[in-house]
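final.txt follows (compact mmCIF, C-alpha atoms):
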```txt
# COMPACT_ATOMS: atom_id res chain seq x y z
CA MET A 1 226.13 145.04 115.12
CA PRO A 2 229.21 142.85 115.63
CA GLU A 3 232.45 143.80 113.87
CA SER A 4 235.44 141.84 112.67
CA ILE A 5 238.60 142.22 114.75
CA PRO A 6 241.90 142.90 112.94
CA ALA A 7 244.58 140.26 113.44
CA PRO A 8 247.29 142.74 114.53
CA LEU A 9 245.11 143.91 117.42
CA ILE A 10 244.65 140.34 118.62
CA ILE A 11 248.37 139.60 118.24
CA ASP A 12 249.36 142.69 120.24
CA THR A 13 246.85 141.74 122.93
CA LEU A 14 248.24 138.20 123.10
CA LYS A 15 251.77 139.59 123.51
CA ASP A 16 250.66 141.95 126.28
CA THR A 17 248.83 139.10 128.00
CA PHE A 18 251.85 136.81 127.95
CA ARG A 19 254.16 139.63 129.01
CA GLU A 20 251.97 140.22 132.04
CA ALA A 21 251.91 136.47 132.78
CA ARG A 22 255.71 136.56 132.85
CA GLY A 23 255.73 139.48 135.25
CA GLY A 24 256.87 141.96 132.60
CA SER A 25 259.70 139.82 131.29
CA THR A 26 260.26 139.81 127.53
CA ARG A 27 261.98 136.46 127.31
CA ASP A 28 261.79 134.40 124.14
CA PRO A 29 259.34 132.85 123.63
CA LEU A 30 256.89 135.15 125.35
CA GLY A 31 254.27 132.44 125.23
CA TRP A 32 252.91 129.46 123.35
CA ILE A 33 249.90 129.23 121.06
CA LEU A 34 248.49 125.72 120.69
CA SER A 35 246.47 125.76 117.54
CA VAL A 36 244.25 123.44 115.62
CA PRO A 37 243.80 125.56 112.50
CA ASP A 38 240.55 127.51 112.46
CA THR A 39 239.09 129.13 109.35
CA HIS A 40 237.49 131.77 111.54
CA GLN A 41 240.84 132.97 112.95
CA LYS A 42 242.99 132.28 109.87
CA THR A 43 244.24 135.87 109.57
CA VAL A 44 245.57 135.64 113.13
CA LEU A 45 247.22 132.30 112.42
CA ALA A 46 248.82 133.74 109.27
CA ALA A 47 250.12 136.74 111.20
CA LEU A 48 251.48 134.48 113.93
CA ASP A 49 253.80 132.89 111.38
CA LYS A 50 255.79 136.11 111.42
CA GLU A 51 255.80 136.52 115.21
CA ARG A 52 258.84 134.85 116.69
CA PRO A 53 258.03 135.82 120.32
CA LEU A 54 254.81 133.82 120.09
CA ARG A 55 255.65 130.18 119.49
CA VAL A 56 252.93 128.25 117.67
CA VAL A 57 252.53 124.49 117.96
CA THR A 58 250.11 123.18 115.37
CA CYS A 59 248.28 120.20 116.83
CA ALA A 60 246.42 117.39 115.09
CA THR A 61 243.55 117.52 117.60
CA GLU A 62 242.21 119.72 120.38
CA ASP A 63 242.76 116.83 122.82
CA GLU A 64 246.46 117.13 122.10
CA ALA A 65 246.40 120.90 122.43
CA ASN A 66 244.87 120.62 125.87
CA ALA A 67 247.37 118.05 127.14
CA ILE A 68 250.34 119.93 125.63
CA GLY A 69 249.08 123.07 127.35
CA ALA A 70 248.98 121.20 130.64
CA GLY A 71 252.60 120.14 130.23
CA LEU A 72 253.69 123.67 129.37
CA TRP A 73 251.91 125.14 132.38
CA ILE A 74 253.34 122.50 134.74
CA GLY A 75 256.77 123.45 133.40
CA GLY A 76 256.12 127.15 134.04
CA GLU A 77 255.38 128.30 130.49
CA PRO A 78 252.34 130.47 129.60
CA CYS A 79 250.14 129.24 126.77
CA MET A 80 246.68 129.45 125.24
CA LEU A 81 244.60 127.42 122.82
CA MET A 82 243.24 128.70 119.49
CA ILE A 83 240.53 126.39 118.22
CA GLN A 84 237.03 126.47 116.77
CA HIS A 85 233.75 125.46 118.35
CA ALA A 86 233.64 122.04 116.67
CA GLY A 87 237.03 121.31 118.23
CA LEU A 88 235.69 122.19 121.64
CA TYR A 89 232.90 119.65 121.15
CA ALA A 90 235.46 117.05 120.07
CA SER A 91 237.60 117.51 123.16
CA VAL A 92 235.27 117.94 126.13
CA ASN A 93 236.63 114.84 127.88
CA THR A 94 240.10 116.36 127.85
CA LEU A 95 238.77 119.70 129.06
CA ARG A 96 237.18 117.82 131.95
CA GLY A 97 239.99 115.39 132.71
CA VAL A 98 242.97 117.69 132.27
CA SER A 99 241.97 121.26 132.97
CA MET A 100 239.06 120.75 135.39
CA ASP A 101 240.16 117.65 137.32
CA GLY A 102 243.80 118.64 137.16
CA LYS A 103 243.01 122.23 138.19
CA ILE A 104 245.16 123.50 135.35
CA PRO A 105 244.61 127.01 133.94
CA MET A 106 243.60 126.72 130.31
CA PHE A 107 242.57 129.72 128.25
CA TYR A 108 240.72 129.10 124.97
CA LEU A 109 240.18 131.44 122.03
CA ILE A 110 237.29 129.79 120.21
CA GLY A 111 236.20 130.81 116.72
CA LEU A 112 232.45 130.78 116.10
CA LEU A 113 232.72 129.70 112.47
CA SER A 114 229.51 130.38 110.47
CA ARG A 115 228.09 132.75 113.06
CA GLU A 116 225.71 135.10 111.25
CA ARG A 117 226.41 138.83 111.52
CA ASP A 118 222.75 139.67 112.10
CA ARG A 119 221.97 137.10 114.81
CA GLU A 120 222.90 136.34 118.36
CA PRO A 121 224.83 133.04 118.55
CA ARG A 122 221.97 131.43 120.47
CA GLU A 123 219.68 132.19 117.51
CA SER A 124 222.03 130.89 114.84
CA ARG A 125 220.79 128.52 112.17
CA HIS A 126 223.91 126.41 112.83
CA SER A 127 223.95 124.03 115.79
CA MET A 128 227.73 124.36 116.09
CA VAL A 129 227.28 128.07 116.76
CA ARG A 130 224.21 127.71 119.01
CA PHE A 131 225.62 125.05 121.34
CA CYS A 132 229.01 126.56 122.18
CA SER A 133 227.97 128.85 125.00
CA PRO A 134 225.46 126.34 126.50
CA LEU A 135 228.16 123.66 126.49
CA LEU A 136 230.61 125.93 128.29
CA ASN A 137 227.86 126.78 130.79
CA THR A 138 227.19 123.08 131.37
CA PHE A 139 230.83 122.57 132.32
CA GLY A 140 230.91 125.78 134.34
CA VAL A 141 233.51 127.41 132.10
CA PRO A 142 233.47 131.22 132.41
CA HIS A 143 233.45 132.85 128.99
CA ALA A 144 232.73 136.02 127.04
CA ILE A 145 232.21 136.82 123.39
CA MET A 146 234.26 139.39 121.49
CA GLU A 147 231.88 141.26 119.24
CA GLY A 148 234.41 143.82 117.96
CA PRO A 149 237.74 145.54 118.58
CA ASP A 150 236.50 147.14 121.78
CA ASP A 151 236.14 143.69 123.34
CA VAL A 152 239.75 142.51 123.09
CA HIS A 153 240.17 143.37 126.78
CA PHE A 154 238.37 140.06 127.42
CA ILE A 155 241.55 138.22 126.37
CA PRO A 156 243.77 139.34 129.29
CA GLU A 157 240.81 139.30 131.67
CA TYR A 158 239.81 135.70 130.99
CA PHE A 159 243.43 134.56 130.70
CA ARG A 160 243.98 136.01 134.19
CA LEU A 161 240.76 134.41 135.42
CA SER A 162 241.87 130.96 134.24
CA ARG A 163 244.94 131.33 136.46
CA GLU A 164 243.02 132.66 139.41
CA ARG A 165 240.43 129.87 139.34
CA ARG A 166 242.88 127.17 138.22
CA GLY A 167 240.70 125.88 135.40
CA PRO A 168 239.39 126.57 131.93
CA THR A 169 238.08 129.92 130.66
CA ALA A 170 237.21 130.96 127.12
CA VAL A 171 236.75 133.94 124.86
CA LEU A 172 234.61 133.35 121.79
CA VAL A 173 235.50 135.17 118.58
CA GLY A 174 232.18 136.43 117.23
CA LEU A 175 233.03 137.21 113.61
CA GLU A 176 235.83 136.02 111.38
CA THR A 177 239.00 138.01 112.09
CA SER A 178 240.29 140.41 109.43
CA MET B 1 259.32 85.82 125.51
CA ALA B 2 257.90 89.30 126.03
CA MET B 3 259.57 91.55 128.59
CA LYS B 4 257.88 92.10 131.94
CA PRO B 5 256.85 95.76 132.19
CA GLU B 6 258.02 95.87 135.79
CA ASP B 7 261.54 94.78 134.75
CA VAL B 8 261.67 97.50 132.10
CA LEU B 9 260.46 100.12 134.56
CA ARG B 10 262.96 99.00 137.18
CA ALA B 11 265.80 99.52 134.73
CA ILE B 12 264.47 102.97 133.82
CA ALA B 13 264.11 103.94 137.48
CA ALA B 14 267.76 103.11 138.05
CA ALA B 15 268.99 105.05 135.02
CA ARG B 16 266.68 108.03 134.53
CA GLY B 17 268.49 110.56 136.74
CA ASP B 18 266.43 113.75 136.90
CA ALA B 19 264.26 112.92 133.89
CA ILE B 20 260.54 113.66 134.10
CA CYS B 21 258.48 110.49 133.59
CA VAL B 22 254.92 110.32 132.26
CA PRO B 23 253.42 106.87 132.88
CA THR B 24 249.94 105.98 131.66
CA MET B 25 247.50 103.18 132.39
CA THR B 26 249.20 99.84 133.20
CA THR B 27 252.63 101.32 133.86
CA SER B 28 251.22 103.68 136.50
CA PRO B 29 250.80 101.34 139.52
CA ALA B 30 254.24 99.74 139.14
CA TRP B 31 255.92 103.11 138.57
CA ARG B 32 254.38 104.52 141.75
CA THR B 33 256.07 101.73 143.68
CA LEU B 34 259.40 102.02 141.90
CA ALA B 35 259.65 105.81 141.89
CA PRO B 36 257.39 107.27 144.56
CA ASP B 37 257.14 111.02 145.14
CA ASP B 38 259.40 112.03 142.32
CA LEU B 39 259.44 113.90 139.01
CA SER B 40 256.56 111.95 137.51
CA ILE B 41 252.97 112.56 136.52
CA GLY B 42 250.53 109.78 135.72
CA CYS B 43 247.85 110.05 133.04
CA VAL B 44 244.72 108.06 133.70
CA GLY B 45 241.33 109.15 132.40
CA PHE B 46 242.18 111.40 129.52
CA MET B 47 242.21 108.90 126.73
CA GLY B 48 245.68 108.72 125.27
CA GLY B 49 247.04 112.07 126.39
CA ALA B 50 250.39 110.91 127.77
CA SER B 51 252.36 111.65 124.60
CA SER B 52 250.93 115.17 124.35
CA LEU B 53 251.44 115.89 128.04
CA GLY B 54 255.02 114.72 127.60
CA LEU B 55 255.47 117.03 124.62
CA GLY B 56 254.30 120.04 126.63
CA LEU B 57 256.69 119.16 129.45
CA ALA B 58 259.55 118.67 126.99
CA LEU B 59 258.96 122.07 125.38
CA ALA B 60 258.78 123.75 128.78
CA THR B 61 261.94 122.10 130.14
CA PRO B 62 264.35 121.78 127.20
CA LYS B 63 267.36 121.07 129.44
CA ARG B 64 265.73 118.04 131.04
CA ARG B 65 264.87 114.66 129.52
CA VAL B 66 261.18 113.74 129.41
CA ILE B 67 260.22 110.06 129.10
CA VAL B 68 256.69 109.01 128.16
CA PHE B 69 255.59 105.47 129.07
CA ASP B 70 252.80 105.09 126.53
CA GLY B 71 250.51 102.14 125.83
CA ASP B 72 249.53 100.81 122.41
CA GLY B 73 245.81 101.23 123.09
CA SER B 74 246.43 104.69 124.51
CA LEU B 75 248.52 105.86 121.57
CA LEU B 76 245.87 104.67 119.12
CA MET B 77 243.45 107.08 120.79
CA GLN B 78 245.66 110.04 119.89
CA LEU B 79 247.71 108.69 117.03
CA GLY B 80 248.01 112.13 115.46
CA SER B 81 250.24 113.09 118.37
CA LEU B 82 253.07 111.28 116.56
CA ALA B 83 252.95 113.91 113.83
CA THR B 84 252.47 116.75 116.31
CA ILE B 85 255.51 115.62 118.29
CA ALA B 86 257.60 115.19 115.15
CA GLY B 87 256.55 118.66 114.00
CA ALA B 88 257.50 120.27 117.30
CA ALA B 89 260.74 118.23 117.29
CA PRO B 90 261.65 118.28 121.01
CA ARG B 91 265.24 117.08 121.29
CA ASN B 92 264.71 115.95 124.89
CA LEU B 93 261.70 113.65 124.42
CA THR B 94 261.90 109.86 124.66
CA HIS B 95 258.65 108.13 123.78
CA LEU B 96 258.53 104.54 125.02
CA LEU B 97 255.61 102.41 123.87
CA PHE B 98 254.71 99.42 126.05
CA LYS B 99 253.17 97.20 123.40
CA ASN B 100 251.06 94.27 124.61
CA GLY B 101 248.33 94.18 121.97
CA VAL B 102 245.44 94.64 124.38
CA TYR B 103 243.51 97.18 126.43
CA HIS B 104 244.76 95.61 129.65
CA THR B 105 243.06 98.05 132.01
CA SER B 106 239.57 97.43 130.65
CA GLY B 107 239.84 93.63 130.60
CA ALA B 108 242.52 92.78 128.03
CA GLN B 109 240.38 93.15 124.90
CA GLU B 110 242.54 93.12 121.78
CA ILE B 111 243.37 96.54 120.33
CA PRO B 112 242.47 97.12 116.66
CA GLY B 113 245.08 95.16 114.73
CA GLY B 114 246.41 93.48 117.86
CA LEU B 115 250.13 92.87 117.95
CA SER B 116 250.47 93.32 114.20
CA VAL B 117 250.28 97.11 114.40
CA ASP B 118 253.71 98.51 113.50
CA PHE B 119 254.18 101.65 115.57
CA VAL B 120 257.85 101.97 114.61
CA THR B 121 256.90 102.48 110.98
CA MET B 122 254.25 104.98 112.05
CA ALA B 123 256.70 106.98 114.18
CA LYS B 124 259.29 107.00 111.40
CA GLY B 125 256.66 108.02 108.90
CA ALA B 126 255.50 110.83 111.18
CA GLY B 127 259.04 112.19 111.30
CA TYR B 128 260.59 111.04 114.59
CA ARG B 129 264.36 111.37 114.50
CA THR B 130 264.81 107.75 115.60
CA ALA B 131 262.42 104.82 116.00
CA TYR B 132 263.08 101.14 116.66
CA ALA B 133 261.70 98.12 118.52
CA VAL B 134 263.18 96.20 121.44
CA ALA B 135 262.00 92.72 122.39
CA GLU B 136 264.57 91.46 124.95
CA LEU B 137 265.41 92.87 128.37
CA ASP B 138 269.16 92.51 127.81
CA ASP B 139 268.89 94.51 124.62
CA PHE B 140 266.77 97.10 126.41
CA THR B 141 269.21 97.61 129.28
CA ARG B 142 272.11 97.81 126.82
CA ARG B 143 270.41 100.51 124.77
CA LEU B 144 268.79 102.39 127.65
CA PRO B 145 271.64 104.92 128.16
CA SER B 146 271.37 106.06 124.56
CA MET B 147 267.57 106.22 124.83
CA LEU B 148 268.07 108.78 127.59
CA THR B 149 270.69 110.88 125.83
CA ASP B 150 270.19 110.59 122.07
CA GLU B 151 268.61 113.56 120.36
CA GLY B 152 264.87 113.24 120.14
CA PRO B 153 262.15 112.87 119.42
CA LEU B 154 263.02 109.22 119.90
CA PHE B 155 260.51 106.37 119.79
CA VAL B 156 261.02 102.83 121.10
CA GLU B 157 258.41 100.10 120.76
CA LEU B 158 258.86 97.72 123.70
CA HIS B 159 257.46 94.21 123.31
CA THR B 160 256.07 93.59 126.77
CA GLY B 161 253.64 91.26 128.49
CA LEU B 162 250.96 92.33 130.93
CA ALA B 163 251.79 94.20 134.13
CA ASP B 164 250.80 92.62 137.43
CA LYS B 165 248.51 95.54 138.28
CA THR B 166 246.35 98.00 136.38
CA PRO B 167 244.79 101.31 137.47
CA MET B 168 241.57 99.31 137.98
CA THR B 169 243.08 96.69 140.29
CA ASP B 170 245.24 99.20 142.15
CA ARG B 171 243.49 102.52 142.63
CA SER B 172 245.99 103.92 145.09
CA GLY B 173 248.12 106.92 144.31
CA VAL B 174 248.05 110.69 144.51
CA PRO B 175 245.12 112.46 142.77
CA PHE B 176 246.00 113.98 139.40
CA ASN B 177 245.62 117.59 140.54
CA GLN B 178 248.01 116.93 143.43
CA GLN B 179 250.54 115.37 141.06
CA VAL B 180 250.21 118.48 138.89
CA ASP B 181 250.96 120.74 141.85
CA ASN B 182 253.86 118.63 143.06
CA LEU B 183 255.56 118.50 139.69
CA ARG B 184 254.96 122.18 138.87
CA THR B 185 256.39 123.18 142.24
CA ARG B 186 259.51 121.13 141.65
CA LEU B 187 260.03 122.31 138.09
CA THR B 188 259.40 125.99 138.65
CA LYS B 189 261.54 126.06 141.79
CA ALA B 190 264.32 124.35 139.89
CA GLY B 191 264.27 127.29 137.44
```

Let me see whether you can do it: turn the structure in this file into structure tokens.
Amino acid sequence: MPESIPAPLIIDTLKDTFREARGGSTRDPLGWILSVPDTHQKTVLAALDKERPLRVVTCATEDEANAIGAGLWIGGEPCMLMIQHAGLYASVNTLRGVSMDGKIPMFYLIGLLSRERDREPRESRHSMVRFCSPLLNTFGVPHAIMEGPDDVHFIPEYFRLSRERRGPTAVLVGLETS
Amino acid sequence: MAMKPEDVLRAIAAARGDAICVPTMTTSPAWRTLAPDDLSIGCVGFMGGASSLGLGLALATPKRRVIVFDGDGSLLMQLGSLATIAGAAPRNLTHLLFKNGVYHTSGAQEIPGGLSVDFVTMAKGAGYRTAYAVAELDDFTRRLPSMLTDEGPLFVELHTGLADKTPMTDRSGVPFNQQVDNLRTRLTKAG
């Protein structure tokens, strides 16, 4: 059975991931979170308000988040996107044009809002849950799903992979964070 | 009479120093000629992303000026970026809007609202520190130094005609991923 992941665990993992991306440096900011607010990850977003080392830019759309992330990476700054599945659907042209065509590392944390606890995402009653992984497969975006606290290791792994392959990768957040 | 985009770009090329420039759509071919192989990155094909790309560059390089050459049709595709930029408040961002009232690249169809759309009011309403319009080249060249040094985010609506070339009539230039590499190399080496 999937479990909810506590926000502090995700925040600590994000800090470790950015610290590694900076080669161990603890400079301020450690990294940038480009967020289009997501109900599914709202406890993480609330906790980020108190985290000065992680700078959050709230974006009006996921298209913006993607292009801002490109600019940050070109300028040498580590960043990641926190969005929900519907935002991924809304911004696939930017994923293609910026991250894939531009060969720009882009790591997504994607909330699977409305995912049922007792079903695999592919069996969900909600199309927005069902289509997320197939869409990422269509675009060849490597991804994994975090089904509980033991899976947070996917965050640094897929962040690293986005840099190695110079393109998008994603980690899906299975249940609403706590 | 509306300013020629090429004249505006020529003035910027002479004054921009080490500023990063982000041209999009109809400013891209002319800018490639005026400022080849430099600190620039063109946005074609991601539907209004120049302002957001410029914001990311400005946040990453706070000691360097970033100038976005936006289009009116392009900005309408990501109009919310005005609020996102104002919220992030980069002091080093200059957002120039080349306003011609049409989607020049796709055949000069009128944008929604045509020339009556008031982007200055929108930028002010979003929270830009400064926003104004310029219609004459003399006025532009006189105010250009302050556009490159005043605290941002700064927005200038430029009343321009059509450029001689568009990305459809001039498809030359370095592929986007190569521009990305070139600019990242220069910025990260510069520290």

**Prompt:** Using only C-alpha atoms, which residues sit within 10 Å of Met1 (chain A) once same-chain residues fewer than 6 positions away are excluded, as an NGL selection string?
**Reply:** :A and (117-120 or 147-148)

Dump as a Markdown table the rows for residues of chain A within 7 Å of chain B: closest atom pair and distance in Å with one decimal, all atoms listed in the file counted, ordered by chain and rising residue number.
```
| residue | atom | partner | partner_atom | distance |
| --- | --- | --- | --- | --- |
| A:Val57 | CA | B:Ala88 | CA | 6.6 |
| A:Thr58 | CA | B:Thr84 | CA | 6.9 |
| A:Cys59 | CA | B:Thr84 | CA | 5.5 |
| A:Ala60 | CA | B:Gly80 | CA | 5.5 |
| A:Glu64 | CA | B:Ser52 | CA | 5.4 |
| A:Ala67 | CA | B:Leu53 | CA | 4.7 |
| A:Ile68 | CA | B:Gly56 | CA | 4.1 |
| A:Gly69 | CA | B:Gly56 | CA | 6.1 |
| A:Ala70 | CA | B:Leu53 | CA | 6.4 |
| A:Gly71 | CA | B:Gly56 | CA | 4.0 |
| A:Leu72 | CA | B:Gly56 | CA | 4.6 |
| A:Ile74 | CA | B:Arg184 | CA | 4.4 |
| A:Gly75 | CA | B:Ala60 | CA | 5.0 |
| A:Gly76 | CA | B:Thr188 | CA | 5.8 |
| A:Glu77 | CA | B:Ala60 | CA | 5.9 |
| A:Asn93 | CA | B:Phe46 | CA | 6.7 |
| A:Thr94 | CA | B:Phe46 | CA | 5.6 |
| A:Gly97 | CA | B:Phe46 | CA | 5.6 |
| A:Val98 | CA | B:Phe46 | CA | 6.9 |
| A:Asp101 | CA | B:Asn177 | CA | 6.3 |
| A:Gly102 | CA | B:Asn177 | CA | 4.0 |
| A:Lys103 | CA | B:Asn177 | CA | 5.8 |
```

**Item:** Thr26 (chain A) surroundings by only C-alpha atoms, 10 Å radius, close-in-sequence under 4 positions cut, as a list of chain:residue names
**Value:** A:Lys15, A:Asp16, A:Phe18, A:Arg19, A:Glu20, A:Arg22, A:Leu30, A:Gly31, A:Pro53

**Asked** Near Leu76 (chain B), counting all atoms listed in the file, which residues have an atom at most 12 Å away, once you skip same-chain residues fewer than 6 positions from it, shown as a list in words?
**Response**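 My reading of the contact set: Met47, Gly48, Gly49, Ala50, Ser51, Asp70, Leu82, Leu97, Lys99, Gly101, Val102, Tyr103, Ile111, Pro112, Gly113, Gly114, Val117, Asp118, Phe119 and Met122 of chain B.
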
May I have the residues within 12 Å of Tyr132 (chain B) as a CSV table (one decimal) with C-alpha atoms, in the coordinates of the input, using only C-alpha atoms and disregarding those fewer than 3 positions away in the same chain?
```
chain,number,residue,atom,x,y,z
B,94,THR,CA,261.9,109.9,124.7
B,95,HIS,CA,258.6,108.1,123.8
B,96,LEU,CA,258.5,104.5,125.0
B,97,LEU,CA,255.6,102.4,123.9
B,118,ASP,CA,253.7,98.5,113.5
B,119,PHE,CA,254.2,101.6,115.6
B,120,VAL,CA,257.8,102.0,114.6
B,121,THR,CA,256.9,102.5,111.0
B,122,MET,CA,254.2,105.0,112.0
B,123,ALA,CA,256.7,107.0,114.2
B,124,LYS,CA,259.3,107.0,111.4
B,128,TYR,CA,260.6,111.0,114.6
B,129,ARG,CA,264.4,111.4,114.5
B,135,ALA,CA,262.0,92.7,122.4
B,139,ASP,CA,268.9,94.5,124.6
B,140,PHE,CA,266.8,97.1,126.4
B,143,ARG,CA,270.4,100.5,124.8
B,147,MET,CA,267.6,106.2,124.8
B,154,LEU,CA,263.0,109.2,119.9
B,155,PHE,CA,260.5,106.4,119.8
B,156,VAL,CA,261.0,102.8,121.1
B,157,GLU,CA,258.4,100.1,120.8
B,158,LEU,CA,258.9,97.7,123.7
B,159,HIS,CA,257.5,94.2,123.3
```

**Asked** Any idea what the distance is between CA of Asp38 (chain A) and CA of Leu75 (chain B)?
**Response**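 Between CA of Asp38 (chain A) and CA of Leu75 (chain B) the gap works out to 24.8 Å.
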
**Asked** If you count all atoms listed in the file, which residues fall within 12 Å of Thr169 (chain B), apart from same-chain ones fewer than 2 positions away, as a list of chain:residue names?
**Response**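 The contact residues come out as B:Met25, B:Thr26, B:Ser28, B:Pro29, B:Ala30, B:His104, B:Thr105, B:Ser106, B:Gly107, B:Ala163, B:Asp164, B:Lys165, B:Thr166, B:Pro167, B:Arg171, B:Ser172.
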
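Atom pair CA of Val66 (chain B) / CA of Thr130 (chain B) has a distance of 15.5 Å (rounded to one decimal).
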
**Prompt:** Using all atoms listed in the file, which of A:Ser25, A:Ser133, A:Asn66, A:Gln84 sits nearest Lys42 (chain A)?
**Reply:**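 Of A:Ser25, A:Ser133, A:Asn66, A:Gln84, the one nearest Lys42 (chain A) is A:Gln84, counting all atoms listed in the file.
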
Set up a box along x, y and z of the file covering all listed atoms of region 130-139 of chain A, add 5 Å on every one of the six sides, and write the centre and edge lengths in Å to one decimal, as lines of an AutoDock Vina configuration file.
```
center_x = 227.5
center_y = 125.7
center_z = 125.7
size_x = 16.6
size_y = 16.3
size_z = 23.3
```

**Asked** Hey, can you check how far CA of Ala170 (chain A) sits from CA of Leu34 (chain A)?
**Response**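 These atoms are spaced 14.0 Å apart.
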
**Message:** Counting all atoms listed in the file, which residue out of A:Tyr89, A:Trp32, A:Phe107, A:Trp73 sits closest to Cys132 (chain A)?
**Reply:**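 That would be A:Tyr89, the residue with the smallest distance to Cys132 (chain A).
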
**Request:** Please identify all polymer residues lying at most 12 Å from the point (264.0, 99.5, 140.9) (file coordinates), using all atoms listed in the file, and present the result as a list in words.
**Result:**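 So the residues meeting the distance criterion are Pro5, Glu6, Asp7, Val8, Leu9, Arg10, Ala11, Ile12, Ala13, Ala14, Ala15, Arg16, Ala30, Trp31, Arg32, Thr33, Leu34, Ala35 and Pro36 of chain B.
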